[in-house]
$ cat run_6.cif   # mmCIF, C-alpha atoms
data_upload
#
loop_
_atom_site.label_atom_id
_atom_site.label_comp_id
_atom_site.auth_asym_id
_atom_site.auth_seq_id
_atom_site.Cartn_x
_atom_site.Cartn_y
_atom_site.Cartn_z
CA MET A 548 19.38 -22.28 -54.86
CA PHE A 549 15.74 -21.52 -55.59
CA PHE A 550 15.12 -20.41 -52.00
CA LYS A 551 18.19 -18.17 -52.03
CA TYR A 552 16.89 -16.58 -55.22
CA MET A 553 13.46 -16.07 -53.64
CA ARG A 554 14.92 -14.49 -50.53
CA ALA A 555 17.03 -12.13 -52.61
CA SER A 556 14.03 -11.20 -54.76
CA LEU A 557 11.85 -10.53 -51.73
CA LEU A 558 14.56 -8.39 -50.16
CA ILE A 559 14.89 -6.33 -53.34
CA LEU A 560 11.11 -5.98 -53.52
CA PHE A 561 10.91 -4.89 -49.88
CA VAL A 562 13.68 -2.30 -50.30
CA SER A 563 12.03 -1.01 -53.47
CA LEU A 564 8.65 -0.67 -51.78
CA LEU A 565 10.23 1.04 -48.80
CA PHE A 566 12.04 3.47 -51.08
CA MET A 567 8.89 4.17 -53.03
CA SER A 568 6.96 4.66 -49.80
CA CYS A 569 9.54 7.12 -48.47
CA SER A 570 9.63 8.93 -51.78
CA GLN A 571 5.84 9.21 -51.83
CA TYR A 572 5.81 10.46 -48.22
CA GLN A 573 8.41 13.13 -48.98
CA LYS A 574 6.48 14.15 -52.10
CA VAL A 575 3.25 14.60 -50.15
CA LEU A 576 5.04 16.29 -47.25
CA ARG A 577 6.64 18.87 -49.54
CA GLY A 578 3.59 19.32 -51.70
CA ASP A 579 0.64 21.71 -51.41
CA ASP A 580 -2.23 19.22 -51.50
CA SER A 581 -3.87 19.33 -48.07
CA GLY A 582 -6.23 16.49 -48.99
CA GLN A 583 -3.33 14.17 -49.74
CA LYS A 584 -1.62 15.19 -46.51
CA TYR A 585 -4.78 14.50 -44.52
CA ALA A 586 -5.24 11.07 -46.12
CA MET A 587 -1.62 10.06 -45.64
CA ALA A 588 -1.52 11.39 -42.06
CA ASP A 589 -4.64 9.34 -41.29
CA SER A 590 -3.11 6.20 -42.85
CA LEU A 591 0.18 6.61 -41.00
CA TYR A 592 -1.64 7.30 -37.74
CA GLN A 593 -3.72 4.13 -38.10
CA ILE A 594 -0.61 1.96 -38.41
CA GLY A 595 1.23 3.67 -35.55
CA LYS A 596 3.68 5.77 -37.58
CA TYR A 597 3.07 8.71 -35.28
CA LYS A 598 6.17 10.79 -35.94
CA LYS A 599 5.60 10.84 -39.68
CA ALA A 600 1.88 11.43 -39.21
CA LEU A 601 2.64 14.33 -36.88
CA GLN A 602 4.79 16.11 -39.47
CA LEU A 603 1.87 16.07 -41.88
CA MET A 604 -0.70 17.04 -39.25
CA GLU A 605 1.31 20.05 -38.16
CA GLN A 606 1.07 21.39 -41.70
CA ILE A 607 -2.67 20.91 -42.13
CA VAL A 608 -4.19 21.58 -38.68
CA PRO A 609 -4.49 25.34 -39.41
CA VAL A 610 -5.94 24.62 -42.87
CA TYR A 611 -8.74 22.35 -41.58
CA ARG A 612 -9.72 24.41 -38.57
CA GLY A 613 -13.48 25.03 -38.77
CA LYS A 614 -14.06 22.37 -41.43
CA PRO A 615 -16.02 19.10 -40.96
CA GLN A 616 -12.80 17.03 -40.96
CA ALA A 617 -11.30 19.11 -38.17
CA GLU A 618 -12.88 17.16 -35.30
CA LYS A 619 -11.27 13.87 -36.30
CA LEU A 620 -8.00 15.57 -37.20
CA MET A 621 -7.73 17.45 -33.90
CA PHE A 622 -8.37 14.29 -31.90
CA MET A 623 -5.72 12.41 -33.88
CA TYR A 624 -3.36 15.35 -33.42
CA ALA A 625 -3.76 15.34 -29.63
CA ASN A 626 -3.62 11.56 -29.47
CA THR A 627 -0.43 11.51 -31.52
CA PHE A 628 1.31 13.58 -28.87
CA TYR A 629 -0.12 11.23 -26.26
CA ASN A 630 1.20 8.14 -28.06
CA LEU A 631 4.59 9.81 -28.45
CA GLU A 632 4.54 10.51 -24.68
CA ASP A 633 4.80 14.26 -25.19
CA PHE A 634 2.41 14.76 -22.31
CA TYR A 635 2.66 18.54 -22.05
CA LEU A 636 1.36 18.99 -25.58
CA ALA A 637 -1.03 16.04 -25.31
CA GLY A 638 -2.71 17.50 -22.22
CA TYR A 639 -2.95 20.92 -23.83
CA GLN A 640 -4.30 19.65 -27.16
CA PHE A 641 -6.87 17.37 -25.54
CA GLU A 642 -8.10 20.33 -23.50
CA ARG A 643 -8.44 22.35 -26.69
CA PHE A 644 -10.40 19.49 -28.23
CA GLU A 645 -12.78 19.42 -25.24
CA THR A 646 -13.38 23.15 -25.56
CA SER A 647 -13.81 23.08 -29.34
CA TYR A 648 -15.97 19.93 -29.56
CA PRO A 649 -17.94 19.59 -26.32
CA LYS A 650 -20.60 17.42 -28.03
CA SER A 651 -18.15 15.07 -29.71
CA ASP A 652 -18.42 11.33 -29.11
CA SER A 653 -14.71 11.47 -28.25
CA VAL A 654 -14.91 14.25 -25.66
CA GLU A 655 -14.94 11.93 -22.63
CA LEU A 656 -11.91 10.03 -23.94
CA ALA A 657 -10.19 13.35 -24.64
CA SER A 658 -10.91 14.49 -21.09
CA TYR A 659 -9.57 11.22 -19.69
CA ARG A 660 -6.37 11.37 -21.72
CA SER A 661 -5.88 15.02 -20.87
CA ALA A 662 -6.13 14.22 -17.16
CA ARG A 663 -3.89 11.19 -17.62
CA SER A 664 -1.31 13.34 -19.43
CA TYR A 665 -1.10 15.76 -16.52
CA TYR A 666 -0.77 12.81 -14.15
CA GLU A 667 2.19 11.56 -16.19
CA LEU A 668 3.89 14.95 -15.81
CA SER A 669 3.98 14.70 -12.01
CA PRO A 670 7.65 14.38 -10.90
CA ARG A 671 9.06 12.32 -8.04
CA TYR A 672 8.08 13.59 -4.61
CA SER A 673 11.42 15.27 -3.83
CA LEU A 674 10.97 17.79 -6.66
CA ASP A 675 8.64 20.76 -6.98
CA GLN A 676 5.04 19.53 -6.98
CA LYS A 677 3.44 22.21 -9.17
CA ASP A 678 2.70 19.67 -11.90
CA THR A 679 1.30 17.29 -9.28
CA ASP A 680 -1.15 19.99 -8.20
CA THR A 681 -2.18 20.48 -11.82
CA GLY A 682 -2.57 16.72 -12.25
CA LEU A 683 -4.83 16.49 -9.21
CA GLU A 684 -6.92 19.39 -10.48
CA LYS A 685 -7.40 17.79 -13.90
CA LEU A 686 -8.15 14.33 -12.49
CA GLN A 687 -10.73 15.78 -10.10
CA LYS A 688 -12.29 17.73 -12.96
CA PHE A 689 -12.69 14.47 -14.89
CA ILE A 690 -14.30 12.76 -11.88
CA ASN A 691 -16.73 15.66 -11.48
CA SER A 692 -17.58 15.72 -15.19
CA TYR A 693 -17.89 11.96 -15.69
CA PRO A 694 -18.81 10.36 -12.35
CA ASN A 695 -20.03 7.18 -14.06
CA SER A 696 -17.13 6.79 -16.48
CA GLU A 697 -15.56 3.40 -17.06
CA HIS A 698 -12.27 5.09 -16.18
CA ARG A 699 -13.54 6.20 -12.75
CA LEU A 700 -11.75 3.55 -10.68
CA GLU A 701 -8.47 4.08 -12.51
CA ILE A 702 -8.73 7.85 -12.09
CA ASN A 703 -9.41 7.44 -8.36
CA THR A 704 -6.25 5.32 -8.11
CA LEU A 705 -4.24 8.02 -9.90
CA VAL A 706 -5.64 10.65 -7.54
CA SER A 707 -4.53 8.55 -4.56
CA GLU A 708 -1.04 8.19 -6.02
CA LEU A 709 -0.65 11.94 -6.52
CA ARG A 710 -2.01 12.74 -3.07
CA TYR A 711 0.45 10.28 -1.53
CA LYS A 712 3.27 12.00 -3.41
CA LYS A 713 2.22 15.43 -2.14
CA GLU A 714 1.89 14.14 1.41
CA LYS A 715 5.34 12.55 1.18
CA LYS A 716 6.77 15.85 -0.01
CA GLU A 717 5.08 17.83 2.78
CA ILE A 718 6.12 15.47 5.58
CA GLU A 719 9.70 15.41 4.33
CA VAL A 720 9.80 19.22 4.25
CA ALA A 721 8.59 19.31 7.87
CA LYS A 722 11.22 16.74 8.88
CA GLN A 723 13.89 18.76 7.10
CA TYR A 724 13.01 21.82 9.20
CA LEU A 725 13.43 19.61 12.27
CA ARG A 726 16.80 18.31 11.06
CA ILE A 727 18.18 21.81 10.53
CA SER A 728 16.87 22.92 13.95
CA ASP A 729 14.32 25.40 12.59
CA TYR A 730 11.87 24.24 15.22
CA LYS A 731 9.23 26.93 14.78
CA ALA A 732 9.02 26.22 11.04
CA ALA A 733 8.88 22.48 11.80
CA ILE A 734 5.98 22.91 14.22
CA ALA A 735 4.09 25.04 11.71
CA ALA A 736 4.74 22.51 8.93
CA PHE A 737 3.61 19.55 11.06
CA ASP A 738 0.54 21.53 12.18
CA ASN A 739 -0.39 22.31 8.58
CA PHE A 740 0.13 18.70 7.56
CA ILE A 741 -2.17 17.42 10.31
CA THR A 742 -4.87 19.93 9.35
CA ASP A 743 -4.61 19.42 5.60
CA ASN A 744 -4.23 15.63 5.47
CA PRO A 745 -6.68 14.02 7.90
CA GLY A 746 -6.50 10.57 6.29
CA SER A 747 -2.80 10.41 5.53
CA GLU A 748 -0.65 7.45 6.50
CA PHE A 749 2.00 10.00 7.53
CA ARG A 750 -0.28 11.64 10.09
CA LYS A 751 1.23 9.66 12.97
CA GLU A 752 4.70 10.88 12.00
CA ALA A 753 3.41 14.44 11.88
CA PHE A 754 1.95 14.18 15.41
CA PHE A 755 5.21 12.76 16.72
CA GLY A 756 7.36 15.24 14.78
CA ARG A 757 5.38 18.11 16.30
CA ILE A 758 6.13 16.82 19.82
CA GLU A 759 9.83 16.51 19.06
CA ALA A 760 10.04 19.96 17.44
CA ALA A 761 8.17 21.63 20.32
CA TYR A 762 10.29 19.83 22.91
CA LYS A 763 13.56 20.83 21.24
CA LEU A 764 12.33 24.40 20.80
CA ALA A 765 11.56 24.51 24.53
CA ILE A 766 14.87 23.16 25.81
CA ASN A 767 16.81 25.46 23.48
CA SER A 768 14.88 28.60 24.45
CA ILE A 769 15.87 31.41 26.78
CA PRO A 770 14.91 30.58 30.41
CA GLN A 771 11.84 32.81 30.48
CA LEU A 772 10.23 30.91 27.61
CA VAL A 773 11.12 27.37 28.67
CA PRO A 774 8.14 26.57 30.99
CA GLU A 775 5.46 27.73 28.59
CA ARG A 776 7.05 25.91 25.66
CA LEU A 777 7.50 22.70 27.65
CA GLU A 778 3.82 22.82 28.54
CA GLN A 779 2.91 23.27 24.89
CA ALA A 780 5.10 20.28 23.98
CA GLN A 781 3.20 18.27 26.60
CA VAL A 782 -0.09 19.29 25.01
CA TYR A 783 1.22 17.94 21.71
CA TYR A 784 2.20 14.71 23.48
CA ASN A 785 -1.32 14.38 24.92
CA ASN A 786 -2.78 14.78 21.42
CA PHE A 787 -0.43 12.12 20.09
CA ALA A 788 -1.27 9.71 22.92
CA LYS A 789 -4.98 10.22 22.33
CA TYR A 790 -4.80 8.95 18.76
CA TYR A 791 -1.73 6.73 18.73
CA LYS A 792 -1.50 5.09 22.15
CA ASP A 793 -0.61 1.76 20.52
CA SER A 794 1.81 3.24 17.99
CA ASP A 795 5.36 2.07 17.42
CA LEU A 796 6.38 5.67 18.19
CA LYS A 797 4.64 5.71 21.57
CA ALA A 798 7.75 4.64 23.52
CA ASP A 799 9.81 7.48 22.03
CA ALA A 800 7.02 9.94 22.70
CA ASP A 801 6.78 8.69 26.30
CA LYS A 802 10.48 9.37 26.84
CA ILE A 803 10.06 12.95 25.67
CA SER A 804 7.01 13.39 27.89
CA GLU A 805 8.87 12.01 30.92
CA ASP A 806 11.71 14.47 30.36
CA ILE A 807 9.21 17.31 29.94
CA GLN A 808 7.58 16.41 33.27
CA LEU A 809 10.96 16.16 34.99
CA ARG A 810 12.06 19.56 33.67
CA LEU A 811 8.76 21.19 34.66
CA ARG A 812 9.00 19.77 38.21
CA THR A 813 12.60 20.96 38.49
CA LEU A 814 11.63 24.44 37.31
CA GLU A 815 8.71 24.53 39.75
CA GLU A 816 10.92 23.46 42.65
CA THR A 817 13.56 26.02 41.70
CA THR A 818 10.97 28.77 41.56
CA SER A 819 9.45 27.80 44.93
CA LEU A 820 12.88 28.04 46.63
CA LYS A 821 13.39 31.60 45.52
#
$ encode --input "run_6.cif" --output "structure tokens"
Amino acid sequence: MFFKYMRASLLILFVSLLFMSCSQYQKVLRGDDSGQKYAMADSLYQIGKYKKALQLMEQIVPVYRGKPQAEKLMFMYANTFYNLEDFYLAGYQFERFETSYPKSDSVELASYRSARSYYELSPRYSLDQKDTDTGLEKLQKFINSYPNSEHRLEINTLVSELRYKKEKKEIEVAKQYLRISDYKAAIAAFDNFITDNPGSEFRKEAFFGRIEAAYKLAINSIPQLVPERLEQAQVYYNNFAKYYKDSDLKADADKISEDIQLRLRTLEETTSLK
């Protein structure tokens, strides 16, 4: 009986404290005392009540701009968006903090979290990669600004992830041109990929895709263009064989090359009989 009474009393006390806390929060939120709002926002932020803290911060950020407390407030403001996973606003606010407080002890952390925010905004590879480009730019800026940072290895890993995503997007676009029989666009896309991504794991596929696209362009061309285009396809095969002679795609490339040679010999024999 005693324990039931204690549990009931504690529950009533907890509800009462919660109600009083909510009432106090609403009172401060609706009031005009910026100092109280700053203090309560700080307290709520420290215990992870970010949504409530944010409501207060949004009211007082303009008031404290240019004041001594502004540096701490602006960092908390940006970090609140970061903790709430609103990465667009987090990235933007951390950048503003860097610009406004370049000598702050928190500026490196702000730069890191800004870069990390833009990384988080990068979509899956099949979508538009504009945000991925921005993420790479911000991550590289951090590396350049803080080459000895404790976050360096992590940032390098994030850069690799975003580059992989862009490469995946680019190689899939090139393959799509090949699938829809836009062979000239496919060749150009594979060419650009090979030039722009010298260390990519998709480079082998780009070399092979270029052979296939050039070969199909040749055999689907008007007769006058066939010989020249077959020869160009063979050049692409030779480039592939130079770098990937032990590749799992070598057998398929060899078959294309054999057909190219057969067609060129047939054309040469036909021409010599005329």
$ closest_residue --input "run_6.cif" --among "A:Thr627, A:Thr704, A:Thr817, A:Gln779" --to "A:Arg757" --atoms "all atoms listed in the file"
A:Gln779
$ closest_residue --input "run_6.cif" --among "A:Ala760, A:Leu705, A:Val773, A:Ile766" --to "A:Ile727" --atoms "all atoms listed in the file"
A:Ala760
$ closest_residue --input "run_6.cif" --among "A:Ala765, A:Leu591, A:Val654, A:Val720" --to "A:Asp806" --atoms "all atoms listed in the file"
A:Ala765
$ atom_distance --input "run_6.cif" --atom1 "atom CA of A:Ser661" --atom2 "atom CA of A:Phe641"
5.3 Å
$ closest_residue --input "run_6.cif" --among "A:Asp580, A:Asp795, A:Glu714, A:Glu701" --to "A:Thr679" --atoms "all atoms listed in the file"
A:Glu714
$ residues_around --input "run_6.cif" --residues "A:Ile702" --least-positions-apart "3" --cutoff "8 Å" --atoms "all atoms listed in the file" --output "ChimeraX atom specification"
/A:686,690,698-699,705-706
$ residues_around --input "run_6.cif" --residues "A:Ser673" --least-positions-apart "2" --cutoff "9 Å" --atoms "only C-alpha atoms" --output "PyMOL selection string"
chain A and resi 670-671+675-676+712+715-716+719
$ closest_residue --input "run_6.cif" --among "A:Asp633, A:Lys688, A:Leu814, A:Ala721" --to "A:Pro770" --atoms "only C-alpha atoms"
A:Leu814
$ axis_aligned_box --input "run_6.cif" --around "stretch 687-697 of chain A" --padding-each-side "5 Å" --output "JSON"
{"center_x": -15.4, "center_y": 10.6, "center_z": -13.6, "size_x": 19.3, "size_y": 24.3, "size_z": 17.0}
$ atom_distance --input "run_6.cif" --atom1 "atom CA of A:Asn691" --atom2 "atom CA of A:Glu655"
11.9 Å
$ residues_near_point --input "run_6.cif" --point "(-10.4, 21.0, -38.8)" --cutoff "12 Å" --atoms "all atoms listed in the file" --output "NGL selection string"
:A and (581-582 or 585 or 604-624 or 644 or 647-648)
$ closest_residue --input "run_6.cif" --among "A:Ser707, A:Thr813, A:Lys713, A:Leu636" --to "A:Leu674" --atoms "all atoms listed in the file"
A:Lys713
$ atom_distance --input "run_6.cif" --atom1 "atom CA of A:Ala662" --atom2 "atom CA of A:Gly682"
6.6 Å
$ resolve_selection --input "run_6.cif" --expression "the PyMOL selection byres ((chain A and resi 763) around 10)" --output "PyMOL selection string"
chain A and resi 725+728-731+757-762+764-768+776-777+780+803
$ build_atoms --input "run_6.cif" --residues "stretch 598-621 of chain A" --atoms "N, CA, C and O atoms" --output "mmCIF file, keeping the file's coordinate frame"
data_model
loop_
_atom_site.group_PDB
_atom_site.id
_atom_site.type_symbol
_atom_site.label_atom_id
_atom_site.label_comp_id
_atom_site.auth_asym_id
_atom_site.auth_seq_id
_atom_site.Cartn_x
_atom_site.Cartn_y
_atom_site.Cartn_z
ATOM 1 N N LYS A 598 5.266 9.670 -35.656
ATOM 2 C CA LYS A 598 6.170 10.790 -35.940
ATOM 3 C C LYS A 598 5.970 11.315 -37.347
ATOM 4 O O LYS A 598 5.953 12.534 -37.575
ATOM 5 N N LYS A 599 5.842 10.403 -38.294
ATOM 6 C CA LYS A 599 5.600 10.840 -39.680
ATOM 7 C C LYS A 599 4.221 11.487 -39.801
ATOM 8 O O LYS A 599 4.059 12.510 -40.482
ATOM 9 N N ALA A 600 3.231 10.862 -39.163
ATOM 10 C CA ALA A 600 1.880 11.430 -39.210
ATOM 11 C C ALA A 600 1.871 12.839 -38.623
ATOM 12 O O ALA A 600 1.210 13.739 -39.157
ATOM 13 N N LEU A 601 2.613 13.031 -37.554
ATOM 14 C CA LEU A 601 2.640 14.330 -36.880
ATOM 15 C C LEU A 601 3.183 15.421 -37.796
ATOM 16 O O LEU A 601 2.662 16.544 -37.801
ATOM 17 N N GLN A 602 4.221 15.098 -38.566
ATOM 18 C CA GLN A 602 4.790 16.110 -39.470
ATOM 19 C C GLN A 602 3.738 16.597 -40.468
ATOM 20 O O GLN A 602 3.682 17.794 -40.784
ATOM 21 N N LEU A 603 2.932 15.687 -40.940
ATOM 22 C CA LEU A 603 1.870 16.070 -41.880
ATOM 23 C C LEU A 603 0.763 16.846 -41.165
ATOM 24 O O LEU A 603 0.266 17.858 -41.673
ATOM 25 N N MET A 604 0.378 16.366 -39.991
ATOM 26 C CA MET A 604 -0.700 17.040 -39.250
ATOM 27 C C MET A 604 -0.332 18.481 -38.926
ATOM 28 O O MET A 604 -1.177 19.387 -39.001
ATOM 29 N N GLU A 605 0.895 18.696 -38.527
ATOM 30 C CA GLU A 605 1.310 20.050 -38.160
ATOM 31 C C GLU A 605 1.139 21.027 -39.322
ATOM 32 O O GLU A 605 0.932 22.229 -39.108
ATOM 33 N N GLN A 606 1.228 20.516 -40.537
ATOM 34 C CA GLN A 606 1.070 21.390 -41.700
ATOM 35 C C GLN A 606 -0.400 21.686 -42.017
ATOM 36 O O GLN A 606 -0.716 22.747 -42.558
ATOM 37 N N ILE A 607 -1.279 20.744 -41.673
ATOM 38 C CA ILE A 607 -2.670 20.910 -42.130
ATOM 39 C C ILE A 607 -3.668 21.276 -41.029
ATOM 40 O O ILE A 607 -4.803 21.639 -41.330
ATOM 41 N N VAL A 608 -3.265 21.204 -39.760
ATOM 42 C CA VAL A 608 -4.190 21.580 -38.680
ATOM 43 C C VAL A 608 -4.745 22.990 -38.887
ATOM 44 O O VAL A 608 -5.965 23.198 -38.779
ATOM 45 N N PRO A 609 -3.915 23.998 -39.199
ATOM 46 C CA PRO A 609 -4.490 25.340 -39.410
ATOM 47 C C PRO A 609 -5.433 25.398 -40.613
ATOM 48 O O PRO A 609 -6.416 26.152 -40.606
ATOM 49 N N VAL A 610 -5.145 24.593 -41.639
ATOM 50 C CA VAL A 610 -5.940 24.620 -42.870
ATOM 51 C C VAL A 610 -7.352 24.066 -42.632
ATOM 52 O O VAL A 610 -8.337 24.573 -43.166
ATOM 53 N N TYR A 611 -7.465 23.021 -41.784
ATOM 54 C CA TYR A 611 -8.740 22.350 -41.580
ATOM 55 C C TYR A 611 -9.555 22.910 -40.422
ATOM 56 O O TYR A 611 -10.681 22.465 -40.189
ATOM 57 N N ARG A 612 -8.998 23.860 -39.706
ATOM 58 C CA ARG A 612 -9.720 24.410 -38.570
ATOM 59 C C ARG A 612 -11.058 25.007 -39.035
ATOM 60 O O ARG A 612 -11.120 25.820 -39.937
ATOM 61 N N GLY A 613 -12.156 24.560 -38.394
ATOM 62 C CA GLY A 613 -13.480 25.030 -38.770
ATOM 63 C C GLY A 613 -14.172 24.207 -39.825
ATOM 64 O O GLY A 613 -15.358 24.421 -40.115
ATOM 65 N N LYS A 614 -13.472 23.225 -40.400
ATOM 66 C CA LYS A 614 -14.060 22.370 -41.430
ATOM 67 C C LYS A 614 -14.571 21.073 -40.801
ATOM 68 O O LYS A 614 -14.182 20.711 -39.692
ATOM 69 N N PRO A 615 -15.442 20.338 -41.523
ATOM 70 C CA PRO A 615 -16.020 19.100 -40.960
ATOM 71 C C PRO A 615 -14.969 18.072 -40.548
ATOM 72 O O PRO A 615 -15.170 17.322 -39.594
ATOM 73 N N GLN A 616 -13.844 18.020 -41.264
ATOM 74 C CA GLN A 616 -12.800 17.030 -40.960
ATOM 75 C C GLN A 616 -11.992 17.390 -39.730
ATOM 76 O O GLN A 616 -11.189 16.587 -39.243
ATOM 77 N N ALA A 617 -12.170 18.612 -39.241
ATOM 78 C CA ALA A 617 -11.300 19.110 -38.170
ATOM 79 C C ALA A 617 -11.444 18.317 -36.875
ATOM 80 O O ALA A 617 -10.471 18.094 -36.163
ATOM 81 N N GLU A 618 -12.669 17.885 -36.553
ATOM 82 C CA GLU A 618 -12.880 17.160 -35.300
ATOM 83 C C GLU A 618 -12.019 15.906 -35.229
ATOM 84 O O GLU A 618 -11.297 15.684 -34.252
ATOM 85 N N LYS A 619 -12.080 15.090 -36.270
ATOM 86 C CA LYS A 619 -11.270 13.870 -36.300
ATOM 87 C C LYS A 619 -9.786 14.208 -36.300
ATOM 88 O O LYS A 619 -8.998 13.587 -35.575
ATOM 89 N N LEU A 620 -9.409 15.202 -37.098
ATOM 90 C CA LEU A 620 -8.000 15.570 -37.200
ATOM 91 C C LEU A 620 -7.461 16.059 -35.857
ATOM 92 O O LEU A 620 -6.361 15.660 -35.443
ATOM 93 N N MET A 621 -8.215 16.890 -35.161
ATOM 94 C CA MET A 621 -7.730 17.450 -33.900
ATOM 95 C C MET A 621 -7.606 16.377 -32.820
ATOM 96 O O MET A 621 -6.717 16.438 -31.965
#
